[in-house]
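Printed here is run.txt (compact mmCIF, C-alpha atoms and all ligand atoms):
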# COMPACT_ATOMS: atom_id res chain seq x y z
CA MET A 1 0.00 0.00 0.00
CA GLU A 2 2.69 2.44 1.13
CA GLN A 3 4.90 1.31 -1.79
CA LYS A 4 2.22 2.00 -4.29
CA ARG A 5 1.59 5.39 -2.79
CA ILE A 6 5.18 6.64 -3.22
CA ILE A 7 5.53 5.44 -6.79
CA GLN A 8 2.11 6.84 -7.57
CA GLN A 9 3.12 10.18 -6.09
CA LEU A 10 6.30 10.15 -8.15
CA HIS A 11 4.34 9.47 -11.33
CA GLU A 12 1.89 12.27 -10.54
CA ALA A 13 4.63 14.80 -9.80
CA THR A 14 6.54 13.78 -12.93
CA ALA A 15 3.43 13.95 -15.12
CA PHE A 16 2.61 17.43 -13.78
CA ILE A 17 6.10 18.68 -14.62
CA ARG A 18 6.21 17.02 -18.04
CA LYS A 19 2.97 18.72 -19.00
CA GLN A 20 4.66 22.08 -18.51
CA TYR A 21 8.14 21.21 -19.70
CA ASN A 22 8.51 18.46 -22.20
CA HIS A 23 12.30 18.04 -22.40
CA GLU A 24 14.45 15.49 -20.67
CA PRO A 25 17.18 16.93 -18.44
CA SER A 26 20.32 14.81 -18.17
CA VAL A 27 21.84 16.50 -15.13
CA GLY A 28 20.25 17.41 -11.80
CA ILE A 29 21.84 20.01 -9.57
CA VAL A 30 21.09 20.69 -5.90
CA LEU A 31 22.18 24.10 -4.66
CA GLY A 32 22.80 24.49 -0.95
CA SER A 33 22.58 27.40 1.48
CA GLY A 34 23.89 30.63 -0.01
CA ILE A 35 24.89 28.87 -3.25
CA GLY A 36 22.54 30.13 -5.96
CA ASN A 37 24.60 31.87 -8.62
CA LEU A 38 24.97 28.89 -10.91
CA VAL A 39 21.38 29.63 -11.88
CA LYS A 40 22.50 32.90 -13.51
CA GLU A 41 24.55 30.93 -16.01
CA ILE A 42 21.62 28.86 -17.18
CA SER A 43 19.60 29.71 -20.22
CA VAL A 44 16.31 29.17 -18.39
CA GLU A 45 13.48 27.46 -20.24
CA LYS A 46 11.04 26.91 -17.39
CA GLU A 47 10.67 27.46 -13.66
CA ILE A 48 8.22 25.52 -11.53
CA GLU A 49 7.67 26.38 -7.88
CA TYR A 50 7.76 23.50 -5.44
CA LYS A 51 4.46 24.57 -3.97
CA ASP A 52 2.73 23.91 -7.29
CA ILE A 53 4.10 20.39 -7.79
CA PRO A 54 1.91 17.58 -6.44
CA HIS A 55 3.36 15.89 -3.34
CA PHE A 56 6.42 18.17 -3.14
CA PRO A 57 7.29 19.38 0.35
CA VAL A 58 7.66 23.17 0.66
CA SER A 59 10.88 24.74 1.93
CA THR A 60 10.67 26.88 5.05
CA VAL A 61 14.20 28.01 5.92
CA SER A 62 15.19 31.58 5.05
CA GLY A 63 17.91 31.59 2.41
CA HIS A 64 16.35 28.56 0.75
CA GLU A 65 14.19 29.26 -2.26
CA GLY A 66 11.86 26.65 -3.54
CA LYS A 67 11.67 25.96 -7.24
CA LEU A 68 12.85 23.70 -10.01
CA ILE A 69 14.69 25.56 -12.75
CA PHE A 70 14.94 23.89 -16.16
CA GLY A 71 17.28 25.07 -18.85
CA ILE A 72 20.49 24.74 -20.78
CA LEU A 73 23.96 25.06 -19.31
CA ARG A 74 27.00 24.46 -21.52
CA LYS A 75 24.79 22.79 -24.16
CA ARG A 76 23.37 20.38 -21.63
CA ARG A 77 19.81 20.19 -20.37
CA VAL A 78 19.88 20.63 -16.60
CA VAL A 79 17.36 20.85 -13.82
CA VAL A 80 18.30 22.77 -10.70
CA MET A 81 16.72 22.32 -7.32
CA SER A 82 16.90 25.86 -6.06
CA GLY A 83 16.33 25.13 -2.40
CA ARG A 84 16.31 21.72 -0.80
CA PHE A 85 14.50 19.98 2.02
CA HIS A 86 16.12 19.19 5.33
CA TYR A 87 15.21 16.55 7.84
CA TYR A 88 15.42 19.16 10.63
CA GLU A 89 12.52 21.07 9.07
CA GLY A 90 10.28 18.24 10.20
CA TYR A 91 9.89 16.31 6.97
CA THR A 92 10.34 12.58 6.99
CA ALA A 93 13.54 11.28 5.40
CA GLN A 94 11.36 9.99 2.55
CA GLN A 95 9.93 13.47 1.95
CA VAL A 96 13.44 14.93 1.94
CA VAL A 97 14.41 12.69 -0.99
CA PHE A 98 11.14 12.90 -2.91
CA PRO A 99 12.40 15.64 -5.28
CA ILE A 100 15.59 13.68 -5.99
CA ARG A 101 13.44 10.73 -7.04
CA VAL A 102 11.36 13.02 -9.25
CA LEU A 103 14.52 14.26 -10.98
CA LYS A 104 15.44 10.67 -11.77
CA PHE A 105 11.94 10.01 -13.08
CA LEU A 106 12.35 13.10 -15.29
CA GLY A 107 15.39 11.49 -16.86
CA ILE A 108 18.58 12.70 -15.15
CA LYS A 109 21.61 10.41 -15.17
CA THR A 110 23.94 12.51 -13.05
CA LEU A 111 23.33 14.44 -9.83
CA LEU A 112 25.58 17.29 -8.67
CA ILE A 113 25.15 18.39 -5.08
CA SER A 114 26.49 21.34 -3.13
CA ASN A 115 26.26 22.23 0.52
CA ALA A 116 27.68 24.33 3.32
CA ALA A 117 29.53 22.31 5.94
CA GLY A 118 31.50 22.70 9.13
CA GLY A 119 35.17 21.83 8.91
CA MET A 120 36.69 19.31 11.31
CA ASN A 121 39.89 18.39 9.50
CA PRO A 122 42.49 20.64 11.18
CA SER A 123 44.00 21.56 7.81
CA PHE A 124 40.72 23.06 6.61
CA ARG A 125 40.01 26.80 6.57
CA VAL A 126 36.81 28.76 6.19
CA GLY A 127 36.15 29.21 2.48
CA ASP A 128 37.78 25.94 1.43
CA LEU A 129 36.06 23.67 -1.05
CA MET A 130 35.89 19.97 -0.23
CA ILE A 131 35.07 17.33 -2.82
CA ILE A 132 33.11 14.65 -0.98
CA ARG A 133 34.84 11.30 -1.44
CA ASP A 134 32.58 9.37 0.92
CA HIS A 135 30.12 10.00 3.70
CA ILE A 136 29.15 8.78 7.16
CA GLY A 137 25.39 8.58 7.34
CA LEU A 138 24.90 6.76 10.61
CA PHE A 139 24.17 9.97 12.51
CA THR A 140 21.13 10.76 10.43
CA VAL A 141 18.06 8.87 9.26
CA ASN A 142 18.21 6.57 6.26
CA PRO A 143 15.55 7.55 3.69
CA LEU A 144 15.22 3.93 2.52
CA ILE A 145 13.82 2.75 5.85
CA GLY A 146 10.38 1.31 5.17
CA PRO A 147 8.98 -0.94 2.48
CA ASN A 148 11.17 -1.06 -0.62
CA ASP A 149 9.84 -0.64 -4.12
CA ASP A 150 12.02 -2.56 -6.57
CA LYS A 151 10.83 -0.24 -9.33
CA ILE A 152 12.78 2.52 -7.60
CA GLY A 153 15.81 0.50 -6.53
CA PRO A 154 17.03 -2.61 -4.66
CA ARG A 155 16.24 -3.43 -1.02
CA PHE A 156 19.91 -3.50 0.03
CA PRO A 157 21.84 -1.06 -2.17
CA ASP A 158 25.60 -1.22 -2.36
CA MET A 159 27.24 1.89 -0.90
CA SER A 160 30.90 1.10 -1.56
CA GLU A 161 31.25 4.04 -3.94
CA PRO A 162 28.39 6.50 -3.58
CA TYR A 163 30.44 9.33 -5.11
CA ASN A 164 31.47 8.58 -8.67
CA ARG A 165 35.27 8.17 -9.01
CA ASP A 166 35.41 9.51 -12.56
CA LEU A 167 33.52 12.65 -11.63
CA ILE A 168 35.83 13.22 -8.65
CA GLN A 169 38.84 12.81 -10.92
CA LYS A 170 37.42 15.17 -13.52
CA ALA A 171 36.59 17.78 -10.88
CA LYS A 172 40.13 17.61 -9.49
CA LEU A 173 41.61 18.13 -12.95
CA ILE A 174 39.27 21.05 -13.59
CA ALA A 175 40.12 22.64 -10.24
CA ASN A 176 43.82 22.20 -10.86
CA ARG A 177 43.61 23.64 -14.36
CA SER A 178 41.58 26.60 -13.08
CA GLY A 179 43.93 27.32 -10.18
CA ILE A 180 41.22 26.62 -7.62
CA PRO A 181 42.51 24.73 -4.56
CA VAL A 182 40.25 21.88 -3.46
CA LYS A 183 40.34 19.48 -0.56
CA GLU A 184 38.88 16.02 -0.61
CA GLY A 185 37.27 14.32 2.33
CA ILE A 186 34.54 12.57 4.23
CA TYR A 187 31.23 14.29 4.92
CA ALA A 188 29.50 13.34 8.15
CA GLY A 189 25.75 13.80 7.91
CA VAL A 190 23.78 14.87 10.98
CA THR A 191 20.15 15.80 11.50
CA GLY A 192 20.68 19.30 12.94
CA PRO A 193 19.23 21.82 13.54
CA THR A 194 21.72 22.45 16.34
CA PHE A 195 25.28 23.03 15.28
CA GLU A 196 27.49 20.52 17.05
CA THR A 197 28.90 20.84 20.54
CA ARG A 198 32.69 20.93 20.74
CA SER A 199 32.64 17.32 21.86
CA GLU A 200 30.43 16.31 18.95
CA TYR A 201 32.75 17.95 16.39
CA LYS A 202 35.60 16.08 18.04
CA LEU A 203 33.72 12.78 17.95
CA LEU A 204 32.79 13.14 14.28
CA HIS A 205 36.39 13.91 13.44
CA ILE A 206 37.69 10.94 15.42
CA VAL A 207 35.37 8.57 13.55
CA GLY A 208 36.66 9.85 10.22
CA GLY A 209 34.66 12.94 9.27
CA ASP A 210 36.46 15.87 7.64
CA ALA A 211 33.34 18.03 7.44
CA VAL A 212 29.85 17.90 8.92
CA GLY A 213 26.52 19.05 7.57
CA MET A 214 22.76 18.69 7.78
CA SER A 215 21.96 17.74 4.20
CA THR A 216 23.26 15.67 1.28
CA VAL A 217 23.59 12.19 2.79
CA GLN A 218 19.91 11.31 2.44
CA GLU A 219 19.81 12.72 -1.09
CA VAL A 220 22.88 10.73 -2.08
CA ILE A 221 21.47 7.51 -0.62
CA ALA A 222 18.27 7.95 -2.64
CA ALA A 223 20.27 8.81 -5.78
CA VAL A 224 22.57 5.79 -5.46
CA HIS A 225 19.55 3.59 -4.76
CA MET A 226 18.25 4.62 -8.21
CA GLY A 227 21.61 4.17 -9.93
CA LEU A 228 22.49 7.83 -10.48
CA ASP A 229 26.07 9.02 -10.79
CA VAL A 230 26.68 11.44 -7.94
CA PHE A 231 29.18 14.22 -7.41
CA ALA A 232 29.09 16.47 -4.33
CA MET A 233 31.11 19.34 -2.99
CA SER A 234 31.05 21.26 0.30
CA ILE A 235 31.95 24.83 1.06
CA ILE A 236 33.58 24.93 4.48
CA THR A 237 31.76 27.77 6.22
CA ASP A 238 32.97 27.36 9.79
CA ILE A 239 35.53 25.43 11.76
CA GLY A 240 33.92 23.45 14.52
CA ILE A 241 36.97 22.04 16.19
CA ARG A 242 38.56 25.37 17.13
CA GLU A 243 39.03 25.58 20.87
CA GLU A 244 38.12 29.27 21.13
CA ASP A 245 35.86 31.65 19.32
CA ASN A 246 33.74 28.97 17.72
CA ILE A 247 30.27 30.38 18.05
CA ILE A 248 28.62 29.43 14.77
CA THR A 249 25.62 31.21 13.32
CA HIS A 250 23.42 30.57 10.30
CA GLU A 251 24.31 34.07 9.06
CA GLU A 252 28.00 33.21 9.12
CA VAL A 253 27.32 29.99 7.21
CA LEU A 254 25.36 31.85 4.52
CA ARG A 255 27.96 34.62 4.25
CA GLU A 256 30.90 32.27 3.89
CA ALA A 257 29.03 30.08 1.41
CA LYS A 258 28.36 33.17 -0.71
CA ASN A 259 32.01 34.24 -0.57
CA ALA A 260 33.32 30.88 -1.75
CA GLU A 261 30.52 30.21 -4.19
CA PRO A 262 32.21 31.52 -7.38
CA LYS A 263 34.90 28.83 -7.05
CA LEU A 264 32.32 26.09 -6.67
CA THR A 265 30.22 27.44 -9.53
CA ALA A 266 33.26 27.50 -11.85
CA ILE A 267 34.00 23.84 -11.12
CA PHE A 268 30.37 22.74 -11.50
CA LYS A 269 30.09 24.51 -14.87
CA ASP A 270 33.19 22.88 -16.32
CA LEU A 271 32.21 19.52 -14.89
CA ILE A 272 28.83 19.74 -16.66
CA ASP A 273 30.72 20.58 -19.84
CA GLU A 274 32.83 17.47 -19.51
CA LEU A 275 30.23 14.91 -18.43
N1 LIG B 301 27.59 21.74 11.40
C1 LIG B 301 26.53 21.22 10.79
N2 LIG B 301 26.05 21.72 9.66
C2 LIG B 301 26.67 22.76 9.12
C3 LIG B 301 27.79 23.35 9.71
C4 LIG B 301 28.27 22.81 10.92
O1 LIG B 301 29.25 23.28 11.52
N3 LIG B 301 28.18 24.37 8.92
C5 LIG B 301 27.32 24.41 7.88
N4 LIG B 301 26.41 23.44 7.98
Could I get this structure in the form of structure tokens?
Ligand code: HPA
Amino acid sequence: MEQKRIIQQLHEATAFIRKQYNHEPSVGIVLGSGIGNLVKEISVEKEIEYKDIPHFPVSTVSGHEGKLIFGILRKRRVVVMSGRFHYYEGYTAQQVVFPIRVLKFLGIKTLLISNAAGGMNPSFRVGDLMIIRDHIGLFTVNPLIGPNDDKIGPRFPDMSEPYNRDLIQKAKLIANRSGIPVKEGIYAGVTGPTFETRSEYKLLHIVGGDAVGMSTVQEVIAAVHMGLDVFAMSIITDIGIREEDNIITHEEVLREAKNAEPKLTAIFKDLIDEL
């Protein structure tokens, strides 16, 4: 019953969008907090607000807009999620990933994800970019909990390489060529909405996290479940493990994400070119 409902909802959302925009995007892009400028580079064909799409959750956090933007970027048809859904907003993990599933149903093969994250690797600085090589998702809620629908993906998906090696390699070459320094590391996903205590930052670093954030992991799990190629990059907006002066605010996160955004946007654009 529940299975049928989700797939039915996906078909209804997809049909609604297709009626208004009858092209197949090949790349989906999720833009995180304070990271919106990539949209300016797109030759926009259609925008659809989340609130109009059947079964879509609606974003509530300030700094997060809610619409799908369809268009052409570097000769490729893309769809951008301008604004994403977070577990801490009160949605279920399944609701959080609903739009990602819709993007797959619309035809995307590749998903590019961005986010703001707190740095825990001592070599990281505010404003750094980190290519996500792997994640730790055990501190958040798995969106695949519940009945599985084999039409969406397998019951027990492999997670040995959630982030596509080729895309990571390409992004590193692009960054190098463009003179943009990038780090690479492990993203620890948490539910939020609290930023971490000093002891929590320390714990997440000890278990292998280089950065921590409140998004991405659930989206990536849903994407890998459906067989999408995933690439994700964090902007390090704060350093959690500092002993002093580590009061972290949402404003600071947004500001630092905005400052570092042009570097991330440049890499995303070239990566789309070279897919
Ligand atoms: N912790 C969790 N999420 C975040 C952080 C952080 O320090 N910075 C940006 N998103």
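Among the candidates A:Ile186, A:His11, A:His250, A:Ile42, the one nearest to Gly119 of chain A when counting all atoms listed in the file is A:Ile186.
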Would you list the residues that come within 6 Å of ligand LIG 301 (chain B)? Count all atoms listed in the file and give the answer as a list of chain:residue names.
-> A:Ala116, A:Ala117, A:Gly118, A:Phe195, A:Glu196, A:Val212, A:Gly213, A:Met214, A:Thr237, A:Asp238, A:Gly240, A:Val253
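Considering all atoms listed in the file, the residue among A:Phe231, A:Ile35, A:Gly208, A:Ile267 positioned nearest to Leu173 of chain A is A:Ile267.
A distance cut-off of 9 Å around (36.6, 32.3, 2.2), counting all atoms listed in the file, selects these protein and nucleic acid residues: Arg125, Val126, Gly127, Asp128, Ile235, Ile236, Thr237, Glu256, Ala257, Lys258, Asn259 and Ala260 of chain A.
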Please save C-alpha atoms of the selected residues as a CSV table (one decimal), in the frame of the given file.
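selection_8.csv written:
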chain,number,residue,atom,x,y,z
A,125,ARG,CA,40.0,26.8,6.6
A,126,VAL,CA,36.8,28.8,6.2
A,127,GLY,CA,36.2,29.2,2.5
A,128,ASP,CA,37.8,25.9,1.4
A,235,ILE,CA,32.0,24.8,1.1
A,236,ILE,CA,33.6,24.9,4.5
A,237,THR,CA,31.8,27.8,6.2
A,256,GLU,CA,30.9,32.3,3.9
A,257,ALA,CA,29.0,30.1,1.4
A,258,LYS,CA,28.4,33.2,-0.7
A,259,ASN,CA,32.0,34.2,-0.6
A,260,ALA,CA,33.3,30.9,-1.8
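Among the candidate residues A:Ile69, A:Ala93, A:Ile108, A:Leu138, the one lying nearest to Val190 of chain A is A:Leu138, with distances computed using only C-alpha atoms.
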Could N, CA, C and O atoms be built for segment 12-24 of chain A and written out as a tab-separated table (two decimals), keeping the file's coordinate frame?
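Heads up, here's the output in rebuild02.tsv:
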chain	number	residue	atom	x	y	z
A	12	GLU	N	2.76	11.07	-10.45
A	12	GLU	CA	1.89	12.27	-10.54
A	12	GLU	C	2.72	13.54	-10.62
A	12	GLU	O	2.44	14.44	-11.41
A	13	ALA	N	3.76	13.61	-9.78
A	13	ALA	CA	4.63	14.80	-9.80
A	13	ALA	C	5.33	14.93	-11.16
A	13	ALA	O	5.40	16.01	-11.75
A	14	THR	N	5.82	13.79	-11.66
A	14	THR	CA	6.54	13.78	-12.93
A	14	THR	C	5.60	14.18	-14.09
A	14	THR	O	5.97	15.00	-14.94
A	15	ALA	N	4.40	13.63	-14.06
A	15	ALA	CA	3.43	13.95	-15.12
A	15	ALA	C	3.09	15.44	-15.11
A	15	ALA	O	3.01	16.09	-16.16
A	16	PHE	N	2.92	16.00	-13.91
A	16	PHE	CA	2.61	17.43	-13.78
A	16	PHE	C	3.72	18.29	-14.39
A	16	PHE	O	3.46	19.25	-15.12
A	17	ILE	N	4.96	17.91	-14.11
A	17	ILE	CA	6.10	18.68	-14.62
A	17	ILE	C	6.22	18.52	-16.13
A	17	ILE	O	6.40	19.50	-16.86
A	18	ARG	N	6.08	17.30	-16.60
A	18	ARG	CA	6.21	17.02	-18.04
A	18	ARG	C	5.19	17.79	-18.86
A	18	ARG	O	5.46	18.19	-19.99
A	19	LYS	N	4.03	17.99	-18.28
A	19	LYS	CA	2.97	18.72	-19.00
A	19	LYS	C	3.41	20.16	-19.27
A	19	LYS	O	3.03	20.78	-20.24
A	20	GLN	N	4.24	20.68	-18.37
A	20	GLN	CA	4.66	22.08	-18.51
A	20	GLN	C	6.01	22.22	-19.19
A	20	GLN	O	6.37	23.30	-19.67
A	21	TYR	N	6.78	21.14	-19.16
A	21	TYR	CA	8.14	21.21	-19.70
A	21	TYR	C	8.46	19.86	-20.28
A	21	TYR	O	8.73	18.91	-19.55
A	22	ASN	N	8.45	19.78	-21.59
A	22	ASN	CA	8.51	18.46	-22.20
A	22	ASN	C	9.89	18.11	-22.76
A	22	ASN	O	10.00	17.60	-23.87
A	23	HIS	N	10.95	18.47	-22.02
A	23	HIS	CA	12.30	18.04	-22.40
A	23	HIS	C	12.86	17.16	-21.31
A	23	HIS	O	12.43	17.25	-20.16
A	24	GLU	N	13.86	16.38	-21.66
A	24	GLU	CA	14.45	15.49	-20.67
A	24	GLU	C	15.79	16.05	-20.19
A	24	GLU	O	16.75	16.07	-20.96
